[in-house]
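For reference, my_file-v6.txt is printed below; it contains compact mmCIF, C-alpha atoms and all ligand atoms.
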```
# COMPACT_ATOMS: atom_id res chain seq x y z
CA MET A 1 58.67 96.50 36.51
CA THR A 2 57.04 96.14 39.92
CA THR A 3 56.32 92.45 40.27
CA THR A 4 57.98 89.07 39.95
CA ARG A 5 56.06 85.96 39.00
CA ARG A 6 57.23 83.18 41.25
CA VAL A 7 56.63 79.54 42.09
CA ALA A 8 56.12 78.84 45.80
CA LEU A 9 55.63 75.62 47.75
CA LEU A 10 51.93 75.17 48.61
CA ARG A 11 52.16 71.82 50.45
CA ARG A 12 54.82 69.20 50.95
CA PRO A 13 54.65 66.16 48.66
CA THR A 14 54.76 62.77 50.37
CA GLY A 15 55.26 60.95 47.04
CA PRO A 16 55.90 62.38 43.57
CA ALA A 17 55.94 66.21 43.38
CA THR A 18 53.05 67.18 41.08
CA PRO A 19 51.73 70.61 39.98
CA ASP A 20 49.19 70.77 42.84
CA HIS A 21 52.05 71.05 45.37
CA PHE A 22 52.97 74.48 44.00
CA VAL A 23 51.38 77.88 43.48
CA VAL A 24 52.41 80.39 40.79
CA GLU A 25 51.74 83.97 41.83
CA ASP A 26 52.69 87.61 41.18
CA VAL A 27 54.48 89.32 44.06
CA GLU A 28 55.17 93.05 44.48
CA LEU A 29 58.88 93.88 44.62
CA ASP A 30 60.33 95.99 47.44
CA PRO A 31 62.57 98.91 46.46
CA LEU A 32 66.15 97.81 45.73
CA GLN A 33 68.49 98.11 48.74
CA PRO A 34 72.16 99.19 48.50
CA GLY A 35 74.30 96.26 47.30
CA GLU A 36 71.31 94.47 45.75
CA VAL A 37 70.77 93.57 42.12
CA ARG A 38 67.66 92.69 40.15
CA VAL A 39 68.05 89.98 37.55
CA GLY A 40 65.67 89.19 34.72
CA VAL A 41 65.73 85.40 34.85
CA GLU A 42 66.01 83.70 31.45
CA TYR A 43 66.40 80.00 32.36
CA ILE A 44 65.78 78.10 35.58
CA SER A 45 67.69 74.89 36.25
CA VAL A 46 65.58 71.87 37.17
CA ASP A 47 67.58 69.58 39.45
CA ALA A 48 66.74 66.21 40.96
CA ALA A 49 67.90 67.47 44.37
CA THR A 50 65.07 70.04 44.39
CA ARG A 51 62.73 67.18 45.29
CA THR A 52 64.72 66.58 48.50
CA MET A 53 64.37 70.29 49.41
CA LEU A 54 60.58 69.97 49.50
CA ARG A 55 60.69 67.72 52.56
CA GLY A 56 60.16 69.17 56.02
CA GLU A 57 63.68 68.17 56.88
CA GLY A 58 66.24 69.22 54.29
CA PHE A 59 68.83 66.92 52.72
CA HIS A 60 71.05 69.79 51.51
CA MET A 61 68.64 72.74 51.96
CA GLN A 62 64.91 73.06 52.42
CA VAL A 63 62.08 75.19 51.09
CA GLY A 64 59.46 76.43 53.57
CA ILE A 65 55.72 76.45 52.84
CA GLY A 66 54.94 79.67 50.96
CA GLU A 67 58.59 80.23 50.03
CA THR A 68 59.98 80.56 46.51
CA ILE A 69 61.41 77.27 45.21
CA LEU A 70 65.21 77.33 45.41
CA ALA A 71 66.82 76.94 42.01
CA GLY A 72 69.86 77.97 40.03
CA GLY A 73 69.26 80.32 37.14
CA VAL A 74 70.82 82.49 34.47
CA GLY A 75 69.75 85.90 33.28
CA ARG A 76 70.77 89.52 32.89
CA VAL A 77 70.93 92.36 35.36
CA VAL A 78 67.93 94.68 34.88
CA GLU A 79 68.58 97.03 37.80
CA SER A 80 71.61 97.45 40.04
CA ALA A 81 72.42 99.07 43.35
CA ALA A 82 75.77 97.24 43.52
CA ASP A 83 78.92 98.88 42.15
CA GLU A 84 80.23 95.71 40.50
CA TRP A 85 77.12 95.09 38.37
CA LYS A 86 75.57 97.07 35.56
CA VAL A 87 72.38 96.64 33.56
CA GLY A 88 72.79 93.96 30.88
CA ASP A 89 75.50 91.94 32.64
CA PRO A 90 74.98 88.17 32.12
CA VAL A 91 74.93 86.28 35.44
CA VAL A 92 74.41 82.88 37.04
CA GLY A 93 73.40 82.20 40.63
CA GLY A 94 70.70 81.05 43.01
CA LEU A 95 67.95 83.08 41.37
CA GLY A 96 64.99 80.91 42.46
CA ALA A 97 61.97 79.79 40.42
CA GLN A 98 60.75 83.25 39.40
CA THR A 99 60.92 85.78 36.58
CA ILE A 100 62.71 88.61 38.43
CA SER A 101 65.19 87.81 41.18
CA THR A 102 66.43 90.32 43.78
CA VAL A 103 69.74 89.19 45.30
CA PRO A 104 72.85 90.67 46.93
CA GLY A 105 75.38 91.39 44.17
CA ALA A 106 77.94 89.20 45.95
CA PHE A 107 75.72 86.13 45.36
CA LEU A 108 76.11 86.34 41.58
CA ASN A 109 78.77 85.12 39.19
CA ARG A 110 79.45 86.69 35.81
CA VAL A 111 79.23 84.36 32.79
CA ASP A 112 80.81 84.57 29.36
CA ASP A 113 77.91 85.12 26.96
CA THR A 114 80.14 84.74 23.91
CA LEU A 115 80.32 80.95 24.38
CA GLY A 116 76.68 80.42 23.33
CA PRO A 117 73.22 80.68 24.87
CA LEU A 118 73.11 81.52 28.58
CA SER A 119 71.53 78.10 29.26
CA LEU A 120 75.01 76.58 28.72
CA HIS A 121 75.92 77.91 32.17
CA LEU A 122 73.28 75.68 33.75
CA GLY A 123 74.11 72.73 31.50
CA VAL A 124 77.61 71.69 30.42
CA LEU A 125 79.14 74.59 32.38
CA GLY A 126 76.70 74.44 35.32
CA GLY A 127 77.87 73.61 38.85
CA SER A 128 75.18 70.99 39.44
CA THR A 129 75.54 69.53 35.93
CA GLY A 130 78.75 69.54 33.86
CA VAL A 131 80.99 70.55 36.74
CA THR A 132 79.47 67.82 38.93
CA ALA A 133 80.11 65.27 36.19
CA TRP A 134 83.71 66.47 35.71
CA ILE A 135 84.46 66.33 39.45
CA GLY A 136 82.78 62.94 39.84
CA ILE A 137 84.75 61.43 36.97
CA ARG A 138 88.13 63.13 37.37
CA GLU A 139 88.35 63.34 41.18
CA VAL A 140 86.36 60.31 42.35
CA ALA A 141 85.62 57.62 39.73
CA LYS A 142 88.90 58.05 37.78
CA PRO A 143 88.15 55.53 34.99
CA GLN A 144 91.22 53.98 33.36
CA PRO A 145 91.71 53.31 29.63
CA GLY A 146 90.01 50.07 28.68
CA ASP A 147 87.77 49.97 31.77
CA SER A 148 84.17 48.87 31.33
CA PHE A 149 82.49 51.92 32.84
CA VAL A 150 78.73 52.12 33.46
CA VAL A 151 76.66 55.30 33.93
CA SER A 152 73.00 55.35 35.09
CA ALA A 153 70.46 58.06 34.15
CA ALA A 154 72.94 58.29 31.30
CA ALA A 155 70.73 60.37 28.98
CA GLY A 156 70.08 62.96 31.70
CA ALA A 157 72.11 66.07 32.43
CA VAL A 158 74.88 64.83 34.75
CA GLY A 159 74.96 61.33 33.23
CA SER A 160 75.37 62.57 29.63
CA VAL A 161 78.42 64.62 30.54
CA ALA A 162 79.89 62.00 32.90
CA GLY A 163 79.75 59.32 30.23
CA GLN A 164 81.38 61.56 27.62
CA ILE A 165 84.26 62.46 29.96
CA ALA A 166 84.81 58.79 30.85
CA LYS A 167 84.94 58.03 27.13
CA ARG A 168 87.47 60.83 26.54
CA ASP A 169 89.55 59.26 29.31
CA GLY A 170 89.65 55.98 27.39
CA ALA A 171 86.95 53.90 29.06
CA ARG A 172 84.44 51.70 27.25
CA VAL A 173 81.21 53.39 28.31
CA ILE A 174 77.89 51.63 28.83
CA GLY A 175 74.90 53.88 29.54
CA ILE A 176 71.68 52.84 31.29
CA ALA A 177 68.54 54.83 30.46
CA GLY A 178 64.79 54.40 30.04
CA GLY A 179 63.36 53.60 26.60
CA PRO A 180 64.55 52.99 23.02
CA ASP A 181 64.80 56.69 22.10
CA LYS A 182 67.26 57.32 24.93
CA VAL A 183 69.25 54.22 23.96
CA ARG A 184 69.58 55.63 20.41
CA TYR A 185 70.57 59.03 21.84
CA LEU A 186 73.35 57.44 23.92
CA LEU A 187 74.73 55.49 20.97
CA ASP A 188 74.21 57.92 18.08
CA THR A 189 74.52 61.38 19.65
CA LEU A 190 76.75 60.88 22.69
CA GLY A 191 78.90 58.11 21.14
CA PHE A 192 78.63 55.66 24.04
CA ASP A 193 79.84 52.14 23.27
CA GLU A 194 76.78 50.29 24.57
CA ALA A 195 73.40 51.19 26.04
CA ILE A 196 70.89 49.31 28.18
CA ASP A 197 67.18 50.16 28.31
CA TYR A 198 66.33 49.46 31.96
CA LYS A 199 62.60 49.70 31.27
CA HIS A 200 62.67 46.77 28.83
CA ASP A 201 65.93 44.86 29.42
CA ASP A 202 67.10 42.74 32.34
CA VAL A 203 69.92 45.07 33.45
CA GLY A 204 71.86 42.41 35.37
CA ALA A 205 71.72 39.91 32.50
CA ARG A 206 72.74 42.55 29.91
CA LEU A 207 75.68 43.65 32.07
CA GLY A 208 76.77 40.02 32.32
CA GLU A 209 76.77 39.80 28.49
CA LEU A 210 78.42 43.18 27.87
CA CYS A 211 81.01 42.96 30.67
CA PRO A 212 82.01 39.29 31.02
CA ASP A 213 84.99 40.32 33.19
CA GLY A 214 82.83 42.58 35.33
CA VAL A 215 82.11 46.30 35.61
CA ASN A 216 85.28 48.23 36.54
CA GLY A 217 83.57 51.53 37.31
CA PHE A 218 79.99 52.64 37.92
CA PHE A 219 78.80 56.26 38.11
CA ASP A 220 75.40 55.98 39.78
CA ASN A 221 72.70 58.63 39.59
CA VAL A 222 69.76 56.34 40.33
CA GLY A 223 70.25 53.86 43.22
CA GLY A 224 67.66 51.11 43.94
CA PRO A 225 67.48 48.01 41.73
CA ILE A 226 69.91 49.43 39.13
CA LEU A 227 72.61 49.87 41.78
CA ASP A 228 72.02 46.29 42.92
CA ALA A 229 72.25 44.95 39.35
CA VAL A 230 75.62 46.67 38.85
CA LEU A 231 76.95 45.60 42.28
CA ASP A 232 76.10 42.03 41.33
CA ASN A 233 78.35 42.46 38.25
CA ILE A 234 81.15 44.50 39.82
CA ALA A 235 84.68 43.45 38.81
CA LEU A 236 87.55 42.57 41.11
CA HIS A 237 88.85 45.94 42.44
CA GLY A 238 85.87 47.73 40.84
CA LYS A 239 84.62 51.10 42.07
CA VAL A 240 81.06 52.41 42.51
CA THR A 241 80.76 56.22 42.61
CA ILE A 242 77.53 57.48 44.20
CA CYS A 243 76.57 60.76 42.54
CA GLY A 244 72.89 60.52 43.47
CA ALA A 245 69.90 58.20 43.83
CA ILE A 246 66.89 59.72 42.08
CA SER A 247 64.84 56.52 42.49
CA GLN A 248 64.84 57.18 46.26
CA TYR A 249 64.08 60.91 46.50
CA ASP A 250 60.26 60.62 46.57
CA ASP A 251 60.36 58.71 49.87
CA MET A 252 63.50 59.60 51.80
CA ASP A 253 61.99 58.22 55.04
CA ASP A 254 62.16 54.72 53.61
CA ILE A 255 65.25 54.45 51.44
CA THR A 256 65.91 51.09 49.82
CA GLY A 257 69.60 50.44 50.31
CA PRO A 258 71.64 48.08 48.17
CA SER A 259 71.04 44.44 49.00
CA MET A 260 74.05 43.27 46.92
CA TYR A 261 76.66 45.24 48.87
CA LEU A 262 78.51 42.10 50.01
CA ARG A 263 79.84 41.87 46.43
CA LEU A 264 82.15 44.69 47.56
CA ALA A 265 83.78 42.35 50.06
CA GLU A 266 83.81 39.39 47.70
CA ARG A 267 85.41 41.39 44.86
CA GLN A 268 87.66 43.73 46.90
CA ALA A 269 85.61 46.59 45.45
CA VAL A 270 84.80 50.04 46.87
CA MET A 271 81.89 52.46 46.92
CA GLU A 272 82.41 56.22 47.41
CA GLY A 273 79.96 59.09 47.36
CA PHE A 274 80.66 62.73 46.54
CA ALA A 275 79.02 66.15 46.32
CA PHE A 276 80.47 68.74 43.95
CA PHE A 277 80.53 71.51 46.59
CA HIS A 278 83.21 69.62 48.53
CA PHE A 279 85.65 70.40 45.69
CA PRO A 280 85.64 74.23 45.52
CA ASP A 281 89.20 74.38 44.13
CA ARG A 282 88.31 72.04 41.23
CA MET A 283 85.40 74.10 39.95
CA GLN A 284 87.47 76.55 37.95
CA PRO A 285 89.64 73.88 36.25
CA ALA A 286 86.48 71.92 35.50
CA MET A 287 84.77 74.93 33.94
CA GLU A 288 87.84 75.80 31.87
CA GLU A 289 88.19 72.33 30.40
CA LEU A 290 84.45 72.01 29.77
CA ALA A 291 84.39 75.46 28.11
CA GLY A 292 87.20 74.29 25.80
CA TRP A 293 85.12 71.28 24.73
CA VAL A 294 82.10 73.54 24.19
CA ALA A 295 84.21 75.86 22.05
CA ASP A 296 85.60 73.04 19.87
CA GLY A 297 82.23 71.29 19.68
CA SER A 298 83.50 68.04 21.17
CA ILE A 299 80.91 67.71 23.95
CA ALA A 300 77.15 67.35 23.52
CA LEU A 301 74.35 67.96 25.99
CA GLY A 302 70.76 68.09 24.82
CA GLU A 303 68.20 70.38 26.43
CA THR A 304 64.57 69.80 27.26
CA VAL A 305 62.92 73.20 27.81
CA LEU A 306 59.52 73.87 29.38
CA ASP A 307 58.35 77.26 28.16
CA GLY A 308 57.18 79.80 30.71
CA ILE A 309 57.34 80.11 34.50
CA ASP A 310 53.79 78.75 34.75
CA ARG A 311 55.16 75.36 33.61
CA TYR A 312 57.69 75.07 36.46
CA PRO A 313 55.21 73.15 38.68
CA GLU A 314 55.24 70.25 36.21
CA ALA A 315 59.05 70.20 35.91
CA LEU A 316 59.90 67.71 38.65
CA GLN A 317 57.15 65.39 37.47
CA VAL A 318 58.62 65.52 33.95
CA MET A 319 62.09 64.71 35.31
CA PHE A 320 61.01 61.92 37.67
CA GLU A 321 59.02 60.32 34.84
CA GLY A 322 62.07 60.47 32.56
CA GLY A 323 60.59 63.12 30.25
CA ASN A 324 63.89 64.95 29.79
CA THR A 325 66.80 64.13 27.52
CA GLY A 326 69.86 66.12 28.59
CA LYS A 327 69.45 69.19 30.77
CA LEU A 328 65.91 70.03 31.94
CA LEU A 329 65.24 73.79 32.01
CA VAL A 330 62.32 76.15 32.43
CA ARG A 331 62.46 79.26 30.24
CA ALA A 332 61.27 81.93 32.64
CA SER A 333 60.82 84.80 30.21
P1 LIG B 401 68.73 64.12 35.04
O1 LIG B 401 69.64 62.94 34.93
O2 LIG B 401 68.76 65.14 33.97
O3 LIG B 401 67.23 63.61 35.15
C1 LIG B 401 66.95 62.53 35.96
C2 LIG B 401 66.76 61.26 35.12
O4 LIG B 401 66.73 60.15 36.02
C3 LIG B 401 65.44 61.19 34.38
O5 LIG B 401 65.50 61.81 33.12
C4 LIG B 401 65.19 59.68 34.28
O6 LIG B 401 65.75 59.19 33.07
C5 LIG B 401 65.99 59.09 35.45
N1 LIG B 401 65.11 58.54 36.49
C6 LIG B 401 64.13 59.19 37.17
N2 LIG B 401 63.55 58.34 38.04
C7 LIG B 401 64.17 57.15 37.91
C8 LIG B 401 64.03 55.87 38.51
N3 LIG B 401 63.12 55.67 39.47
N4 LIG B 401 64.84 54.87 38.13
C9 LIG B 401 65.76 55.07 37.14
N5 LIG B 401 65.95 56.25 36.52
C10 LIG B 401 65.16 57.27 36.90
O7 LIG B 401 68.91 64.79 36.46
P2 LIG B 401 70.21 65.50 37.03
O8 LIG B 401 69.76 66.79 37.62
O9 LIG B 401 71.29 65.46 36.01
O10 LIG B 401 70.61 64.58 38.25
C11 LIG B 401 71.14 63.27 38.04
C12 LIG B 401 71.65 62.75 39.38
O11 LIG B 401 72.79 63.52 39.77
C13 LIG B 401 70.64 62.86 40.53
O12 LIG B 401 70.72 61.68 41.31
C14 LIG B 401 71.15 64.04 41.31
O13 LIG B 401 70.76 64.03 42.66
C15 LIG B 401 72.64 63.87 41.13
N6 LIG B 401 73.45 65.07 41.38
C16 LIG B 401 74.47 64.94 42.26
C17 LIG B 401 75.32 66.00 42.51
C18 LIG B 401 76.49 65.80 43.42
O14 LIG B 401 77.20 66.77 43.70
N7 LIG B 401 76.74 64.58 43.88
C19 LIG B 401 75.08 67.24 41.88
C20 LIG B 401 74.02 67.35 40.97
C21 LIG B 401 73.21 66.23 40.71
P3 LIG B 401 65.26 57.78 32.43
O15 LIG B 401 64.32 58.16 31.31
O16 LIG B 401 66.52 57.18 31.96
O17 LIG B 401 64.56 57.02 33.50
```

Represent the structure from my file as structure tokens, please.
Amino acid sequence: MTTTRRVALLRRPTGPATPDHFVVEDVELDPLQPGEVRVGVEYISVDAATRTMLRGEGFHMQVGIGETILAGGVGRVVESAADEWKVGDPVVGGLGAQTISTVPGAFLNRVDDTLGPLSLHLGVLGGSTGVTAWIGIREVAKPQPGDSFVVSAAAGAVGSVAGQIAKRDGARVIGIAGGPDKVRYLLDTLGFDEAIDYKHDDVGARLGELCPDGVNGFFDNVGGPILDAVLDNIALHGKVTICGAISQYDDMDDITGPSMYLRLAERQAVMEGFAFFHFPDRMQPAMEELAGWVADGSIALGETVLDGIDRYPEALQVMFEGGNTGKLLVRAS
């Protein structure tokens, strides 16, 4: 094994990220250095935040022209020059969009491969997916029993898990997603109480019908007009939790902020953002509880898998066009 096949940034998108912004190429691997590990990547996580890393100026992190796209991944050690790792060990970490990743051993975390497929550790048990949802619900949104609780991008990775945790905590959960198939998925597979198809329904009017006393909690992944529609329906003492704003990531130089924010003043409501990496001490408890629900089969998260590293360049386009239900992954090898 002398090469990795990787996806690099060819040019920076100024609108949607499409396949022509990337190049897929074979790169010779340098000899392994002491402390380094080579991982055969099985699955690459596709995350909405990757789009923000393709800008010249990073939001969290940035990818340079010609550099491998930053991405979380799972796989198995195929070669090790680090004492703590041996060939075959299952790992998760920042492996990048490539088939073979060479990283310092200290950058990797061991995963339990008896729980199910390794992809679980990017999905329900993944830091930027299930753990984010758990932290957002349990540490920030804190829905109360009986609350009318709304989740946007509800059929996506974070939204699917967030809605299910809010439901476990006793809330009446209303999901917002695009299209009738996703509405059925929310109701029939995830067990949400209500679902709104934002592509065909008037979101504000539907919220008015479904929540006559207002929306007590909103877990927002989308921003833009959906955030405004919920703000317009926020209840007295309601809370908006900003997890993300995917509708804004294609043009971060011209973000459309909420125009209905004065409802916060009128209704004594609050809005709070969060990022999962600000809660390092909550990651382990989150993973343990999520792993328990995986083991007893009481949590569901679908997967949409693009097969082969050569399909990574279309992944963000798929996500931003709503082509994924549940966690979007690329199977690298
Ligand atoms: P995801 O929900 O699996 O996929 C994104 C979904 O967003 C798409 O499937 C699509 O579903 C919807 N969408 C795309 N463009 C939209 C638009 N213009 N208007 C409305 N909906 C749109 O993605 P994810 O990786 O789980 O990320 C979800 C959110 O969580 C993102 O905002 C991300 O930045 C955020 N996040 C935050 C943290 C944190 O620590 N705060 C960590 C990880 C992720 P439809 O078919 O329903 O349109």

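Minimum distance to ligand LIG 401 (chain B) across A:Phe149, A:Tyr261, A:Tyr198, A:Trp293 (counting only C-alpha atoms and all ligand atoms) occurs at A:Tyr198.
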
- Query: Residues within 7 Å of ligand LIG 401 (chain B) (only C-alpha atoms and all ligand atoms), as JSON, numbers by chain?
  - Reply: {"A": [46, 47, 48, 49, 128, 129, 132, 153, 154, 155, 156, 157, 158, 159, 176, 177, 178, 179, 221, 222, 243, 244, 245, 246, 247, 274, 275, 276, 277, 319, 320, 321, 322, 323, 324, 325, 326, 327, 328]}

Can you write out as a tab-separated table which residues of region 229-318 of chain A fall within 12 Å of region 60-79 of chain A, alongside each residue's closest atom pair and its distance in Å to one decimal, counting only C-alpha atoms and ordering rows by chain and ascending residue number?
```
residue	atom	partner	partner_atom	distance
A:Ala275	CA	A:His60	CA	10.2
A:Phe277	CA	A:His60	CA	10.8
A:Ile309	CA	A:Ile69	CA	11.8
A:Tyr312	CA	A:Ile69	CA	9.8
A:Pro313	CA	A:Ile69	CA	9.9
A:Ala315	CA	A:Ile69	CA	11.9
A:Leu316	CA	A:Ile69	CA	11.7
```

- Task: Kindly indicate which residue among A:Met260, A:Ala141, A:Val183, A:Val131 lies nearest to Asp220 (chain A), using all atoms listed in the file for the distances.
- Result: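 Of the candidates, the smallest distance to Asp220 (chain A) is held by A:Ala141.
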
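Taking only C-alpha atoms into account, Ala162 (chain A) lies nearest to A:Ile299 out of the set A:Ala235, A:Ile299, A:Gln248, A:Val270.
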
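Relative to CA of His121 (chain A), CA of Glu84 (chain A) is found at 20.1 Å.
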
- Query: When distances are computed from all atoms listed in the file, which of A:Thr3, A:Asn233, A:Ser45, A:Thr189 shows the smallest separation from Leu120 (chain A)?
  - Reply: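 Distance minimum relative to Leu120 (chain A) lands on A:Ser45.
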
- Item | CA of Leu122 (chain A) to CA of Pro34 (chain A), straight-line distance in Å | 27.8 Å

- Task: Would you mind telling me which residue in A:Ala17, A:Leu95, A:Val27, A:Val203 lies nearest to Val41 (chain A) when using all atoms listed in the file?
- Result: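 Going through A:Ala17, A:Leu95, A:Val27, A:Val203 one by one, the smallest distance to Val41 (chain A) is for A:Leu95.
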
- What is the CA of Ala332 (chain A) to CA of Asp26 (chain A) distance in Å?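 Answer for the CA of Ala332 (chain A) to CA of Asp26 (chain A) separation: 13.4 Å.
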
- Item | Test item: residues at most 8 Å from Asp193 (chain A), all atoms listed in the file, excluding those fewer than 2 positions along its chain, as number ranges by chain | A: 172-174, 187, 191, 195

Given 4 Å of margin on each side, can you work out the centre and size in Å (one decimal) of an axis-aligned box holding every listed atom of region 102-120 of chain A, as lines of an AutoDock Vina configuration file?
```
center_x = 73.6
center_y = 84.0
center_z = 35.1
size_x = 22.4
size_y = 22.8
size_z = 31.6
```

- Residue with smallest distance to Gly175 (chain A) - pool A:Arg138, A:Thr304, A:Ile226, A:Pro212, counting all atoms listed in the file: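 Among A:Arg138, A:Thr304, A:Ile226, A:Pro212, it is A:Ile226 that comes nearest to Gly175 (chain A).
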
- Item | Polymer residues at most 9 Å from Arg110 (chain A), all atoms listed in the file, same-chain spacing of 5 or more positions, as a ChimeraX atom specification | /A:89-93

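The neighbours of Phe107 (chain A) here are the residues that come within 9 Å of it, using all atoms listed in the file and leaving out any residue fewer than 3 positions away in the same chain; they are Gly93, Gly94, Val103 and Pro104 of chain A.
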
- Item | Test item: which residues lie within 10 Å of (71.7, 94.8, 42.1) counting all atoms listed in the file, as a ChimeraX atom specification | /A:32-39,77-87,101-106,108

Got a minute to add N, CA and C atoms to region 103-117 of chain A and dump it as a PDB file, in the frame of the given file?
```
ATOM      1  N   VAL A 103      68.708  89.881  44.510  1.00  0.00           N
ATOM      2  CA  VAL A 103      69.740  89.190  45.300  1.00  0.00           C
ATOM      3  C   VAL A 103      70.879  90.151  45.620  1.00  0.00           C
ATOM      4  N   PRO A 104      71.635  89.893  46.704  1.00  0.00           N
ATOM      5  CA  PRO A 104      72.850  90.670  46.930  1.00  0.00           C
ATOM      6  C   PRO A 104      73.806  90.449  45.750  1.00  0.00           C
ATOM      7  N   GLY A 105      74.465  91.508  45.307  1.00  0.00           N
ATOM      8  CA  GLY A 105      75.380  91.390  44.170  1.00  0.00           C
ATOM      9  C   GLY A 105      76.446  90.327  44.394  1.00  0.00           C
ATOM     10  N   ALA A 106      76.863  90.157  45.653  1.00  0.00           N
ATOM     11  CA  ALA A 106      77.940  89.200  45.950  1.00  0.00           C
ATOM     12  C   ALA A 106      77.503  87.758  45.702  1.00  0.00           C
ATOM     13  N   PHE A 107      76.202  87.508  45.567  1.00  0.00           N
ATOM     14  CA  PHE A 107      75.720  86.130  45.360  1.00  0.00           C
ATOM     15  C   PHE A 107      75.793  85.701  43.890  1.00  0.00           C
ATOM     16  N   LEU A 108      76.160  86.635  43.020  1.00  0.00           N
ATOM     17  CA  LEU A 108      76.110  86.340  41.580  1.00  0.00           C
ATOM     18  C   LEU A 108      77.495  86.076  41.015  1.00  0.00           C
ATOM     19  N   ASN A 109      77.541  85.304  39.955  1.00  0.00           N
ATOM     20  CA  ASN A 109      78.770  85.120  39.190  1.00  0.00           C
ATOM     21  C   ASN A 109      78.534  85.569  37.754  1.00  0.00           C
ATOM     22  N   ARG A 110      79.536  86.244  37.195  1.00  0.00           N
ATOM     23  CA  ARG A 110      79.450  86.690  35.810  1.00  0.00           C
ATOM     24  C   ARG A 110      79.669  85.483  34.884  1.00  0.00           C
ATOM     25  N   VAL A 111      78.968  85.430  33.769  1.00  0.00           N
ATOM     26  CA  VAL A 111      79.230  84.360  32.790  1.00  0.00           C
ATOM     27  C   VAL A 111      79.660  84.977  31.468  1.00  0.00           C
ATOM     28  N   ASP A 112      80.325  84.137  30.673  1.00  0.00           N
ATOM     29  CA  ASP A 112      80.810  84.570  29.360  1.00  0.00           C
ATOM     30  C   ASP A 112      79.706  84.283  28.344  1.00  0.00           C
ATOM     31  N   ASP A 113      79.040  85.346  27.873  1.00  0.00           N
ATOM     32  CA  ASP A 113      77.910  85.120  26.960  1.00  0.00           C
ATOM     33  C   ASP A 113      78.351  84.994  25.505  1.00  0.00           C
ATOM     34  N   THR A 114      79.683  84.942  25.289  1.00  0.00           N
ATOM     35  CA  THR A 114      80.140  84.740  23.910  1.00  0.00           C
ATOM     36  C   THR A 114      80.255  83.242  23.582  1.00  0.00           C
ATOM     37  N   LEU A 115      80.152  82.385  24.612  1.00  0.00           N
ATOM     38  CA  LEU A 115      80.320  80.950  24.380  1.00  0.00           C
ATOM     39  C   LEU A 115      79.084  80.321  23.721  1.00  0.00           C
ATOM     40  N   GLY A 116      77.923  80.981  23.856  1.00  0.00           N
ATOM     41  CA  GLY A 116      76.680  80.420  23.330  1.00  0.00           C
ATOM     42  C   GLY A 116      75.525  80.897  24.184  1.00  0.00           C
ATOM     43  N   PRO A 117      74.376  80.240  24.086  1.00  0.00           N
ATOM     44  CA  PRO A 117      73.220  80.680  24.870  1.00  0.00           C
ATOM     45  C   PRO A 117      73.507  80.613  26.375  1.00  0.00           C
TER      46      PRO A 117
END
```
